[in-house]
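Here's the structure we're looking at; comments come further down.
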Amino acid sequence: MLTTEKSEQPDRRDNAASVHIEPAKRMQGLPTQFFANLVKRANAKAAEGHDVINLGQGNPDQPTPTHIVSALQEAAANPMYHKYPPFSGYSFLKEAIATRYREDYGVELDPETEVAILFGGKTGLVEISQILLNPGDVCLVPDPGYPDYWSGVALAGAEMVFMPLVAHNQFLPDFSAIPAESLEKAKLMFLNYPNNPTGAIADEAFYTKTIEFARQHNIVVASDFAYGAIGFDGKKPKSFLELPGAKEVGVEFYTLSKTYNMAGWRVGFALGNAEVIKLINLMQDHYYVSLFGGIQAAAATALTAPQTCVEELVATYESRRNALYDALDRIGWSAVRTPASFFCWLPVPEGFTSSSFADLLLEQAHVVVAPGIGFGELGEGYVRVGLLASESRLEEAVERIGRLGLF
């Protein structure tokens with residue numbers, strides 16, 4: 001019989017939030033995700049109907065080359081890849097990685113013991129702190145630098161000691177300036193060349209000095225080589241692993257995100273010291289069952305096919321760089337041309353902080369740039385601009401800024 005009377009059963013919806021969720025301390029100590037807020041603010045301005053030119057992110061704007069996409073489409077139909085892949089990844093991908101490093105840098109790698117497949121380079125850069133650092137240990141971190149280095153150190157409960165990167169030292173750290181008490185506790189050091197955010201490059205002499213320094217103080221070097229393929233003016237960035245003794249003191253992290261416009265595919269590698277590689281694989285055994293096999297097959301295609309697409313991409317970025325700096329010259333914004341990566345490190349005009357200048361550009365010119373303070377205290381006084389828009393859009397962005405009359 002139908003009735004309109006309310007049920008006698010209690011309404012449990014009021015109790016749905018009765019459990020008190022208390023995050024673990026490691027979650028409370030994580031740094032703020034700087035770029036998430038940047039994206040949010042840019043999207044909000046675009047939602048208001050403004051034509052926003054976003055030069056603040058590091059997300060490649062070009063599509064993945066068609067031969068790599070075709071390789072994935074074919075591999076996705078292969079039933080072998082519908083099963084769990086090997087925990088440490090397929091040997092064919094590790095062999096492709098070793099082949100590419102041999103051809104590009106003259107570096108010999110054992111595919112099975114000196115190569116680890118990662119869920120994007122960022123994953124490895126966070127993991128290495130967790131596998132090497134204990135609470136109380138010190139990690140040497142560049143300032144300015146990629147903020148996700150901080151995340152791994154925070155998760156490990158370790159401490160950071162910043163290495164200043166300043167223009168008069170070509171944005172290279174001065175190892176002699178690191179306090180002795182910090183060196184006694186230091187176990188890990190991050191380096192990143194070509195550098196994000198400054199675009200600086202490191203030469204053979206610097207890496208030779210780094211290897212000796214690491215040996216002397218028993219510090220593992222983590223070389224972030226994410227932008228290794230992108231060098232301008234006929235200069236090819238040097239891999240840390242090219243130097244004798246590098247594998248004895250560290251590892252290098254590489255990603256397909258920038259070289260092949262595969263940021264969304266999440267394919268990266270750690271290369272070098274066999275003991276560290278073993279530890280990375282061990283940690284990943286507890287997190288993952290490696291990448292989807294079809295993506296691994298497509299990644300191997302990217303690495304083993306002719307590298308014409310890479311050469312064309314670098315030429316595109318160099319042309320964009322030239323167009324941007326020519327436009328900067330026209331409005332009187334003086335800056336040193338970036339020698340590598342797809343980032344430009346530009347000084348802010350007098351009277352502004354990096355954040356106040358970035359806010360002004362977003363509000364009045366509808367141009368997004370990344371405030372330097374987001375990369376560390378010594379990033380103050382600069383903004384980072386990405387070459388991730390067409391030449392015409394880069395020129396338009398500078399013209400909009402020029403109309404503000406700040407230079």
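Chain identifiers are assigned as A, B, and so on, following the order in which chains appear in the structure tokens; residues are numbered from 1 within each chain, and ligands are numbered from 1 in order of appearance.
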Residue contacts of A:Pro65 (12 Å, only C-alpha atoms) excluding same-chain residues fewer than 4 positions away, as JSON, numbers by chain: {"A": [69, 70, 71, 72, 256, 257, 259, 260, 261, 262, 298, 299, 301, 302, 305, 306, 307, 308, 309, 310, 312, 313]}
Residues within 6 Å of stretch 334-343 of chain A, only C-alpha atoms, excluding chain neighbours under 2 positions, as a PyMOL selection string: chain A and resi 194+199+227+230-232+332+346+385-387
Those same residues, written as a PDB file, in the first residue's frame with N, CA, C and O atoms?
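Everything below was put into selection-v6.pdb:
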```pdb
ATOM      1  N   PRO A 194      70.496  21.775 -19.193  1.00  0.00           N
ATOM      2  CA  PRO A 194      70.018  23.150 -19.232  1.00  0.00           C
ATOM      3  C   PRO A 194      69.025  23.406 -18.095  1.00  0.00           C
ATOM      4  O   PRO A 194      68.197  22.565 -17.775  1.00  0.00           O
ATOM      5  N   GLY A 199      67.632  28.778 -17.910  1.00  0.00           N
ATOM      6  CA  GLY A 199      68.106  28.456 -19.247  1.00  0.00           C
ATOM      7  C   GLY A 199      69.609  28.282 -19.340  1.00  0.00           C
ATOM      8  O   GLY A 199      70.142  28.032 -20.425  1.00  0.00           O
ATOM      9  N   TYR A 227      65.863  18.991 -20.323  1.00  0.00           N
ATOM     10  CA  TYR A 227      65.929  19.857 -21.510  1.00  0.00           C
ATOM     11  C   TYR A 227      67.202  19.597 -22.313  1.00  0.00           C
ATOM     12  O   TYR A 227      67.652  20.455 -23.076  1.00  0.00           O
ATOM     13  N   ILE A 230      67.629  20.452 -26.072  1.00  0.00           N
ATOM     14  CA  ILE A 230      67.294  21.788 -26.575  1.00  0.00           C
ATOM     15  C   ILE A 230      68.430  22.766 -26.305  1.00  0.00           C
ATOM     16  O   ILE A 230      68.533  23.359 -25.224  1.00  0.00           O
ATOM     17  N   GLY A 231      69.296  22.919 -27.284  1.00  0.00           N
ATOM     18  CA  GLY A 231      70.392  23.872 -27.207  1.00  0.00           C
ATOM     19  C   GLY A 231      70.415  24.727 -28.465  1.00  0.00           C
ATOM     20  O   GLY A 231      70.071  24.251 -29.554  1.00  0.00           O
ATOM     21  N   PHE A 232      70.840  25.973 -28.325  1.00  0.00           N
ATOM     22  CA  PHE A 232      70.773  26.927 -29.438  1.00  0.00           C
ATOM     23  C   PHE A 232      72.164  27.357 -29.897  1.00  0.00           C
ATOM     24  O   PHE A 232      73.173  27.064 -29.265  1.00  0.00           O
ATOM     25  N   GLY A 332      62.576  47.879 -25.371  1.00  0.00           N
ATOM     26  CA  GLY A 332      63.582  48.313 -24.417  1.00  0.00           C
ATOM     27  C   GLY A 332      63.735  47.428 -23.194  1.00  0.00           C
ATOM     28  O   GLY A 332      64.293  47.860 -22.175  1.00  0.00           O
ATOM     29  N   LEU A 346      63.913  36.584 -17.411  1.00  0.00           N
ATOM     30  CA  LEU A 346      63.906  38.005 -17.717  1.00  0.00           C
ATOM     31  C   LEU A 346      63.833  38.845 -16.446  1.00  0.00           C
ATOM     32  O   LEU A 346      62.998  38.581 -15.570  1.00  0.00           O
ATOM     33  N   VAL A 385      59.638  33.099 -18.761  1.00  0.00           N
ATOM     34  CA  VAL A 385      58.753  33.120 -19.927  1.00  0.00           C
ATOM     35  C   VAL A 385      59.045  31.892 -20.769  1.00  0.00           C
ATOM     36  O   VAL A 385      60.207  31.603 -21.084  1.00  0.00           O
ATOM     37  N   GLY A 386      58.018  31.148 -21.135  1.00  0.00           N
ATOM     38  CA  GLY A 386      58.194  29.951 -21.945  1.00  0.00           C
ATOM     39  C   GLY A 386      58.020  30.240 -23.429  1.00  0.00           C
ATOM     40  O   GLY A 386      57.177  31.049 -23.826  1.00  0.00           O
ATOM     41  N   LEU A 387      58.809  29.549 -24.242  1.00  0.00           N
ATOM     42  CA  LEU A 387      58.732  29.694 -25.700  1.00  0.00           C
ATOM     43  C   LEU A 387      57.690  28.726 -26.256  1.00  0.00           C
ATOM     44  O   LEU A 387      57.919  28.051 -27.264  1.00  0.00           O
TER      45      LEU A 387
END
```
Backbone-only DSSP, strand (DSSP E or B) members of stretch 165-383 of chain A, as a ChimeraX atom specification: /A:186-192,220-224,231,250-255,268-272,340,343-347,367-368,370-371,382-383
Dump N, CA, C and O atoms for the selected residues as a short mmCIF file (atom, residue, chain, number, x, y, z; two decimals), in the first residue's frame?
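Below is the file that was written, result.cif:
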```
data_model
loop_
_atom_site.label_atom_id
_atom_site.label_comp_id
_atom_site.auth_asym_id
_atom_site.auth_seq_id
_atom_site.Cartn_x
_atom_site.Cartn_y
_atom_site.Cartn_z
N ALA A 186 75.21 16.12 4.20
CA ALA A 186 74.67 16.06 2.84
C ALA A 186 74.84 14.66 2.24
O ALA A 186 75.91 14.07 2.32
N LYS A 187 73.78 14.15 1.63
CA LYS A 187 73.81 12.84 0.97
C LYS A 187 73.39 12.91 -0.49
O LYS A 187 73.64 11.97 -1.25
N LEU A 188 72.74 14.01 -0.87
CA LEU A 188 72.18 14.11 -2.23
C LEU A 188 72.28 15.55 -2.70
O LEU A 188 72.14 16.49 -1.91
N MET A 189 72.52 15.72 -4.01
CA MET A 189 72.58 17.06 -4.61
C MET A 189 71.87 17.04 -5.96
O MET A 189 72.12 16.17 -6.79
N PHE A 190 70.97 18.00 -6.15
CA PHE A 190 70.30 18.16 -7.43
C PHE A 190 71.03 19.19 -8.29
O PHE A 190 71.37 20.28 -7.83
N LEU A 191 71.24 18.83 -9.55
CA LEU A 191 71.72 19.75 -10.58
C LEU A 191 70.76 19.68 -11.75
O LEU A 191 70.15 18.64 -12.00
N ASN A 192 70.68 20.76 -12.51
CA ASN A 192 69.72 20.81 -13.62
C ASN A 192 70.25 21.74 -14.72
O ASN A 192 70.12 22.95 -14.62
N VAL A 220 75.56 11.82 -3.51
CA VAL A 220 75.02 11.34 -4.76
C VAL A 220 74.52 12.53 -5.57
O VAL A 220 73.79 13.39 -5.06
N VAL A 221 74.90 12.57 -6.85
CA VAL A 221 74.47 13.63 -7.76
C VAL A 221 73.24 13.17 -8.52
O VAL A 221 73.24 12.09 -9.11
N ALA A 222 72.20 13.99 -8.52
CA ALA A 222 71.00 13.76 -9.32
C ALA A 222 70.95 14.84 -10.40
O ALA A 222 70.62 15.99 -10.12
N SER A 223 71.32 14.46 -11.62
CA SER A 223 71.37 15.41 -12.73
C SER A 223 70.04 15.37 -13.49
O SER A 223 69.68 14.35 -14.08
N ASP A 224 69.32 16.47 -13.45
CA ASP A 224 68.04 16.60 -14.14
C ASP A 224 68.32 17.14 -15.55
O ASP A 224 68.62 18.31 -15.73
N GLY A 231 69.30 22.92 -27.28
CA GLY A 231 70.39 23.87 -27.21
C GLY A 231 70.41 24.73 -28.46
O GLY A 231 70.07 24.25 -29.55
N GLY A 250 76.66 9.26 -9.40
CA GLY A 250 75.30 9.76 -9.57
C GLY A 250 74.51 9.14 -10.70
O GLY A 250 74.93 8.19 -11.35
N VAL A 251 73.34 9.73 -10.89
CA VAL A 251 72.41 9.31 -11.93
C VAL A 251 71.90 10.55 -12.66
O VAL A 251 71.98 11.67 -12.16
N GLU A 252 71.37 10.30 -13.85
CA GLU A 252 70.79 11.37 -14.64
C GLU A 252 69.34 11.02 -14.94
O GLU A 252 69.00 9.86 -15.19
N PHE A 253 68.48 12.05 -14.92
CA PHE A 253 67.07 11.86 -15.21
C PHE A 253 66.76 12.49 -16.56
O PHE A 253 67.09 13.64 -16.81
N TYR A 254 66.10 11.70 -17.40
CA TYR A 254 65.73 12.17 -18.74
C TYR A 254 64.25 11.90 -18.96
O TYR A 254 63.67 11.00 -18.33
N THR A 255 63.64 12.66 -19.81
CA THR A 255 62.21 12.51 -20.09
C THR A 255 61.95 12.69 -21.58
O THR A 255 62.68 13.43 -22.25
N GLY A 268 59.71 8.63 -18.57
CA GLY A 268 61.00 9.15 -18.18
C GLY A 268 61.94 8.02 -17.82
O GLY A 268 61.54 6.85 -17.75
N PHE A 269 63.21 8.37 -17.60
CA PHE A 269 64.22 7.36 -17.27
C PHE A 269 65.18 7.91 -16.23
O PHE A 269 65.44 9.10 -16.16
N ALA A 270 65.71 7.01 -15.42
CA ALA A 270 66.87 7.31 -14.58
C ALA A 270 68.01 6.47 -15.11
O ALA A 270 67.84 5.28 -15.42
N LEU A 271 69.19 7.07 -15.22
CA LEU A 271 70.32 6.42 -15.88
C LEU A 271 71.59 6.61 -15.06
O LEU A 271 71.82 7.69 -14.52
N GLY A 272 72.41 5.56 -14.97
CA GLY A 272 73.70 5.75 -14.32
C GLY A 272 73.99 4.73 -13.25
O GLY A 272 73.91 3.52 -13.49
N ALA A 340 69.66 27.79 -24.02
CA ALA A 340 69.14 26.43 -24.08
C ALA A 340 67.80 26.37 -23.34
O ALA A 340 67.39 27.34 -22.70
N PHE A 343 62.94 28.08 -21.97
CA PHE A 343 62.61 29.12 -21.00
C PHE A 343 63.52 30.33 -21.15
O PHE A 343 64.70 30.20 -21.48
N CYS A 344 62.96 31.50 -20.87
CA CYS A 344 63.71 32.75 -20.87
C CYS A 344 63.59 33.37 -19.49
O CYS A 344 62.49 33.45 -18.93
N TRP A 345 64.70 33.81 -18.95
CA TRP A 345 64.78 34.33 -17.58
C TRP A 345 64.98 35.82 -17.69
O TRP A 345 66.06 36.31 -18.03
N LEU A 346 63.91 36.58 -17.41
CA LEU A 346 63.91 38.00 -17.72
C LEU A 346 63.83 38.84 -16.45
O LEU A 346 63.00 38.58 -15.57
N PRO A 347 64.67 39.88 -16.33
CA PRO A 347 64.64 40.73 -15.14
C PRO A 347 63.39 41.61 -15.12
O PRO A 347 62.96 42.11 -16.17
N VAL A 367 48.77 38.60 -20.12
CA VAL A 367 49.90 37.75 -20.43
C VAL A 367 50.33 37.06 -19.14
O VAL A 367 50.50 37.72 -18.11
N VAL A 368 50.50 35.75 -19.20
CA VAL A 368 50.89 34.98 -18.02
C VAL A 368 52.39 34.70 -18.08
O VAL A 368 52.89 34.17 -19.07
N ALA A 370 55.69 33.36 -15.20
CA ALA A 370 55.89 32.73 -13.89
C ALA A 370 56.79 33.61 -13.03
O ALA A 370 57.93 33.88 -13.42
N PRO A 371 56.32 34.06 -11.88
CA PRO A 371 57.17 34.88 -11.00
C PRO A 371 58.38 34.08 -10.53
O PRO A 371 58.27 32.92 -10.12
N TYR A 382 63.13 38.28 -11.13
CA TYR A 382 63.01 37.74 -12.49
C TYR A 382 61.61 37.16 -12.70
O TYR A 382 60.90 36.84 -11.74
N VAL A 383 61.26 37.01 -13.98
CA VAL A 383 60.11 36.19 -14.35
C VAL A 383 60.58 35.20 -15.41
O VAL A 383 61.53 35.46 -16.16
#
```
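Between atom CA of A:Glu350 and atom CA of A:Ile201 the interatomic distance comes to 27.2 Å.
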As an exercise, work out the distance from atom CA of A:Ala365 to atom CA of A:Gly351 in Å and give it to one decimal place. 17.9 Å
Applying 7 Å and only C-alpha atoms, which residues near stretch 288-295 of chain A remain after dropping the ones on its own chain fewer than 6 positions away? List them as number ranges by chain. A: 72, 75-76, 81, 84-89, 119
Atomic separation - atom CA of A:Glu248 relative to atom CA of A:Asn218, Å: 10.6 Å
Go through stretch 99-307 of chain A and collect every residue that DSSP, computed from the backbone, puts in helix (DSSP H, G or I); the answer should be as a short mmCIF file (atom, residue, chain, number, x, y, z; two decimals) with C-alpha atoms, in the first residue's frame.
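That gives us states-v3.cif:
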```
data_model
loop_
_atom_site.label_atom_id
_atom_site.label_comp_id
_atom_site.auth_asym_id
_atom_site.auth_seq_id
_atom_site.Cartn_x
_atom_site.Cartn_y
_atom_site.Cartn_z
CA THR A 99 71.24 3.14 -27.77
CA ARG A 100 70.07 6.75 -27.86
CA TYR A 101 72.54 7.79 -25.13
CA ARG A 102 75.36 6.01 -26.96
CA GLU A 103 74.55 7.76 -30.23
CA ASP A 104 73.88 11.22 -28.78
CA TYR A 105 76.43 11.42 -25.96
CA GLY A 121 60.90 12.40 -15.01
CA LYS A 122 59.17 14.18 -12.12
CA THR A 123 58.41 10.85 -10.45
CA GLY A 124 62.08 9.91 -10.36
CA LEU A 125 63.10 13.33 -9.07
CA VAL A 126 60.72 12.90 -6.13
CA GLU A 127 61.57 9.23 -5.55
CA ILE A 128 65.33 9.66 -5.31
CA SER A 129 65.04 11.72 -2.12
CA GLN A 130 62.86 9.05 -0.57
CA ILE A 131 65.27 6.22 -1.38
CA LEU A 132 68.41 8.03 -0.18
CA ASP A 148 59.37 19.54 -7.18
CA TYR A 149 62.86 18.81 -5.86
CA TRP A 150 61.51 20.23 -2.61
CA SER A 151 58.58 17.80 -2.60
CA GLY A 152 60.73 14.68 -2.46
CA VAL A 153 62.92 16.10 0.29
CA ALA A 154 59.83 17.01 2.32
CA LEU A 155 58.38 13.50 1.91
CA ALA A 156 61.68 12.05 3.12
CA ALA A 167 74.14 35.61 -12.94
CA HIS A 168 77.76 36.58 -12.21
CA ASN A 169 78.59 32.87 -11.80
CA PHE A 175 80.57 24.44 -4.03
CA SER A 176 83.17 26.25 -1.93
CA ALA A 177 80.43 28.43 -0.42
CA ALA A 180 81.07 22.63 6.27
CA GLU A 181 78.37 21.58 8.73
CA SER A 182 75.96 21.11 5.83
CA LEU A 183 78.44 19.03 3.87
CA GLU A 184 78.85 16.67 6.81
CA LYS A 185 75.15 15.76 6.62
CA GLU A 204 82.71 19.93 -19.04
CA ALA A 205 84.86 21.77 -16.50
CA PHE A 206 81.91 22.26 -14.17
CA TYR A 207 80.88 18.60 -14.32
CA THR A 208 84.46 17.48 -13.71
CA LYS A 209 84.52 19.67 -10.60
CA THR A 210 81.13 18.28 -9.56
CA ILE A 211 82.33 14.66 -9.76
CA GLU A 212 85.38 15.39 -7.61
CA PHE A 213 83.26 17.31 -5.09
CA ALA A 214 80.75 14.44 -4.87
CA ARG A 215 83.52 11.88 -4.33
CA GLN A 216 85.18 13.98 -1.65
CA HIS A 217 81.98 14.41 0.38
CA PHE A 240 76.60 14.78 -16.88
CA LEU A 241 77.13 11.11 -17.75
CA GLU A 242 79.57 12.02 -20.52
CA ALA A 246 79.94 10.30 -13.39
CA LYS A 247 78.29 6.89 -13.02
CA GLU A 248 80.31 6.26 -9.88
CA VAL A 249 78.76 9.26 -8.11
CA LEU A 256 60.51 12.23 -23.46
CA SER A 257 58.19 15.10 -22.50
CA LYS A 258 60.25 17.91 -23.99
CA THR A 259 62.33 16.14 -26.63
CA ALA A 263 54.43 15.40 -21.79
CA GLY A 264 51.09 13.67 -21.37
CA TRP A 265 52.55 10.23 -22.05
CA ALA A 274 73.68 0.75 -10.77
CA GLU A 275 73.11 0.79 -7.00
CA VAL A 276 70.83 3.82 -7.19
CA ILE A 277 69.00 2.36 -10.20
CA LYS A 278 68.39 -0.83 -8.23
CA LEU A 279 66.90 1.18 -5.37
CA ILE A 280 64.63 3.13 -7.72
CA ASN A 281 63.36 -0.10 -9.25
CA LEU A 282 62.80 -1.55 -5.79
CA MET A 283 60.68 1.41 -4.71
CA GLN A 284 58.71 1.31 -7.95
CA ASP A 285 58.02 -2.39 -7.43
CA HIS A 286 55.90 -1.29 -4.47
CA TYR A 287 54.13 1.50 -6.34
CA GLY A 293 53.29 -1.74 -22.81
CA GLY A 294 51.87 0.13 -25.81
CA ILE A 295 53.36 3.38 -24.52
CA GLN A 296 56.69 1.62 -23.97
CA ALA A 297 56.63 0.40 -27.58
CA ALA A 298 55.87 3.90 -28.87
CA ALA A 299 58.61 5.36 -26.65
CA ALA A 300 61.10 2.91 -28.14
CA THR A 301 60.02 4.08 -31.59
CA ALA A 302 60.64 7.68 -30.60
CA LEU A 303 64.16 6.84 -29.45
CA THR A 304 65.22 4.56 -32.31
#
```
Top pick for closest residue to A:Leu38, considering A:Leu362, A:Ile117, A:Leu404, A:Ala397 and counting only C-alpha atoms: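 Comparing A:Leu362, A:Ile117, A:Leu404, A:Ala397 against A:Leu38, the winner is A:Leu362.
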Near A:Gly145, counting only C-alpha atoms, which residues have an atom at most 12 Å away, once you skip same-chain residues fewer than 5 positions from it, shown as JSON, numbers by chain? {"A": [140, 150, 162, 163, 164, 165, 166, 171, 172, 173, 190, 191, 192, 193, 194, 195, 196, 197, 198, 199, 200, 224, 372, 373, 374, 375, 376, 377, 378, 379, 380, 384]}
Go ahead and dump the residues you just picked, N, CA and C atoms, as an mmCIF file, in the first residue's frame.
```cif
data_model
loop_
_atom_site.group_PDB
_atom_site.id
_atom_site.type_symbol
_atom_site.label_atom_id
_atom_site.label_comp_id
_atom_site.auth_asym_id
_atom_site.auth_seq_id
_atom_site.Cartn_x
_atom_site.Cartn_y
_atom_site.Cartn_z
ATOM 1 N N LEU A 140 71.302 19.072 -1.073
ATOM 2 C CA LEU A 140 71.738 20.335 -1.661
ATOM 3 C C LEU A 140 70.870 20.620 -2.884
ATOM 4 N N TRP A 150 61.863 20.009 -4.003
ATOM 5 C CA TRP A 150 61.511 20.229 -2.608
ATOM 6 C C TRP A 150 60.524 19.173 -2.110
ATOM 7 N N PHE A 162 70.205 25.322 0.352
ATOM 8 C CA PHE A 162 70.137 25.863 -0.999
ATOM 9 C C PHE A 162 71.501 26.318 -1.505
ATOM 10 N N MET A 163 71.747 26.045 -2.783
ATOM 11 C CA MET A 163 72.959 26.488 -3.475
ATOM 12 C C MET A 163 72.579 27.659 -4.375
ATOM 13 N N PRO A 164 73.055 28.864 -4.091
ATOM 14 C CA PRO A 164 72.673 30.029 -4.886
ATOM 15 C C PRO A 164 73.146 29.919 -6.340
ATOM 16 N N LEU A 165 72.238 30.210 -7.271
ATOM 17 C CA LEU A 165 72.569 30.328 -8.691
ATOM 18 C C LEU A 165 72.399 31.788 -9.073
ATOM 19 N N VAL A 166 73.506 32.447 -9.366
ATOM 20 C CA VAL A 166 73.468 33.883 -9.648
ATOM 21 C C VAL A 166 74.121 34.168 -10.990
ATOM 22 N N PHE A 171 74.999 31.200 -13.345
ATOM 23 C CA PHE A 171 73.941 30.389 -12.739
ATOM 24 C C PHE A 171 74.414 28.965 -12.445
ATOM 25 N N LEU A 172 75.682 28.851 -12.030
ATOM 26 C CA LEU A 172 76.254 27.580 -11.567
ATOM 27 C C LEU A 172 76.504 27.687 -10.065
ATOM 28 N N PRO A 173 76.329 26.611 -9.297
ATOM 29 C CA PRO A 173 76.578 26.686 -7.861
ATOM 30 C C PRO A 173 78.062 26.806 -7.557
ATOM 31 N N PHE A 190 70.973 18.001 -6.153
ATOM 32 C CA PHE A 190 70.295 18.160 -7.434
ATOM 33 C C PHE A 190 71.026 19.186 -8.294
ATOM 34 N N LEU A 191 71.237 18.827 -9.552
ATOM 35 C CA LEU A 191 71.720 19.747 -10.575
ATOM 36 C C LEU A 191 70.760 19.681 -11.754
ATOM 37 N N ASN A 192 70.676 20.760 -12.512
ATOM 38 C CA ASN A 192 69.719 20.809 -13.622
ATOM 39 C C ASN A 192 70.255 21.738 -14.717
ATOM 40 N N TYR A 193 70.847 21.123 -15.732
ATOM 41 C CA TYR A 193 71.346 21.881 -16.892
ATOM 42 C C TYR A 193 71.071 21.093 -18.159
ATOM 43 N N PRO A 194 70.496 21.775 -19.193
ATOM 44 C CA PRO A 194 70.018 23.150 -19.232
ATOM 45 C C PRO A 194 69.025 23.406 -18.095
ATOM 46 N N ASN A 195 69.127 24.605 -17.537
ATOM 47 C CA ASN A 195 68.487 24.888 -16.265
ATOM 48 C C ASN A 195 67.068 25.426 -16.425
ATOM 49 N N ASN A 196 66.213 24.939 -15.558
ATOM 50 C CA ASN A 196 64.887 25.506 -15.358
ATOM 51 C C ASN A 196 64.913 26.168 -13.976
ATOM 52 N N PRO A 197 64.792 27.493 -13.891
ATOM 53 C CA PRO A 197 64.173 28.388 -14.862
ATOM 54 C C PRO A 197 65.124 29.246 -15.694
ATOM 55 N N THR A 198 66.433 29.245 -15.417
ATOM 56 C CA THR A 198 67.313 30.282 -15.980
ATOM 57 C C THR A 198 67.731 30.036 -17.419
ATOM 58 N N GLY A 199 67.632 28.778 -17.910
ATOM 59 C CA GLY A 199 68.106 28.456 -19.247
ATOM 60 C C GLY A 199 69.609 28.282 -19.340
ATOM 61 N N ALA A 200 70.324 28.383 -18.211
ATOM 62 C CA ALA A 200 71.784 28.271 -18.221
ATOM 63 C C ALA A 200 72.227 26.854 -18.584
ATOM 64 N N ASP A 224 69.316 16.473 -13.447
ATOM 65 C CA ASP A 224 68.035 16.600 -14.144
ATOM 66 C C ASP A 224 68.318 17.137 -15.547
ATOM 67 N N GLY A 372 59.536 34.705 -10.545
ATOM 68 C CA GLY A 372 60.763 34.019 -10.161
ATOM 69 C C GLY A 372 60.768 33.520 -8.733
ATOM 70 N N ILE A 373 60.025 34.173 -7.846
ATOM 71 C CA ILE A 373 60.014 33.774 -6.443
ATOM 72 C C ILE A 373 59.466 32.359 -6.280
ATOM 73 N N GLY A 374 58.696 31.894 -7.233
ATOM 74 C CA GLY A 374 58.163 30.539 -7.173
ATOM 75 C C GLY A 374 59.214 29.467 -7.325
ATOM 76 N N PHE A 375 60.419 29.851 -7.728
ATOM 77 C CA PHE A 375 61.518 28.900 -7.920
ATOM 78 C C PHE A 375 62.567 28.997 -6.819
ATOM 79 N N GLY A 376 62.302 29.842 -5.815
ATOM 80 C CA GLY A 376 63.251 30.018 -4.729
ATOM 81 C C GLY A 376 63.485 31.494 -4.461
ATOM 82 N N GLU A 377 64.077 31.784 -3.316
ATOM 83 C CA GLU A 377 64.288 33.183 -2.919
ATOM 84 C C GLU A 377 65.134 33.953 -3.921
ATOM 85 N N LEU A 378 66.122 33.281 -4.514
ATOM 86 C CA LEU A 378 66.992 33.988 -5.462
ATOM 87 C C LEU A 378 66.377 34.105 -6.852
ATOM 88 N N GLY A 379 65.164 33.594 -6.993
ATOM 89 C CA GLY A 379 64.416 33.849 -8.223
ATOM 90 C C GLY A 379 63.756 35.210 -8.212
ATOM 91 N N GLU A 380 63.760 35.848 -7.041
ATOM 92 C CA GLU A 380 63.178 37.186 -6.945
ATOM 93 C C GLU A 380 63.929 38.140 -7.869
ATOM 94 N N ARG A 384 59.912 34.052 -15.432
ATOM 95 C CA ARG A 384 60.227 33.034 -16.436
ATOM 96 C C ARG A 384 59.165 33.068 -17.520
#
```
Of the residues A:Gly106, A:Pro147, A:Pro111, A:Gly58, which is the one nearest to A:Phe92, using only C-alpha atoms?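 Nearest candidate to A:Phe92 out of A:Gly106, A:Pro147, A:Pro111, A:Gly58: A:Pro111.
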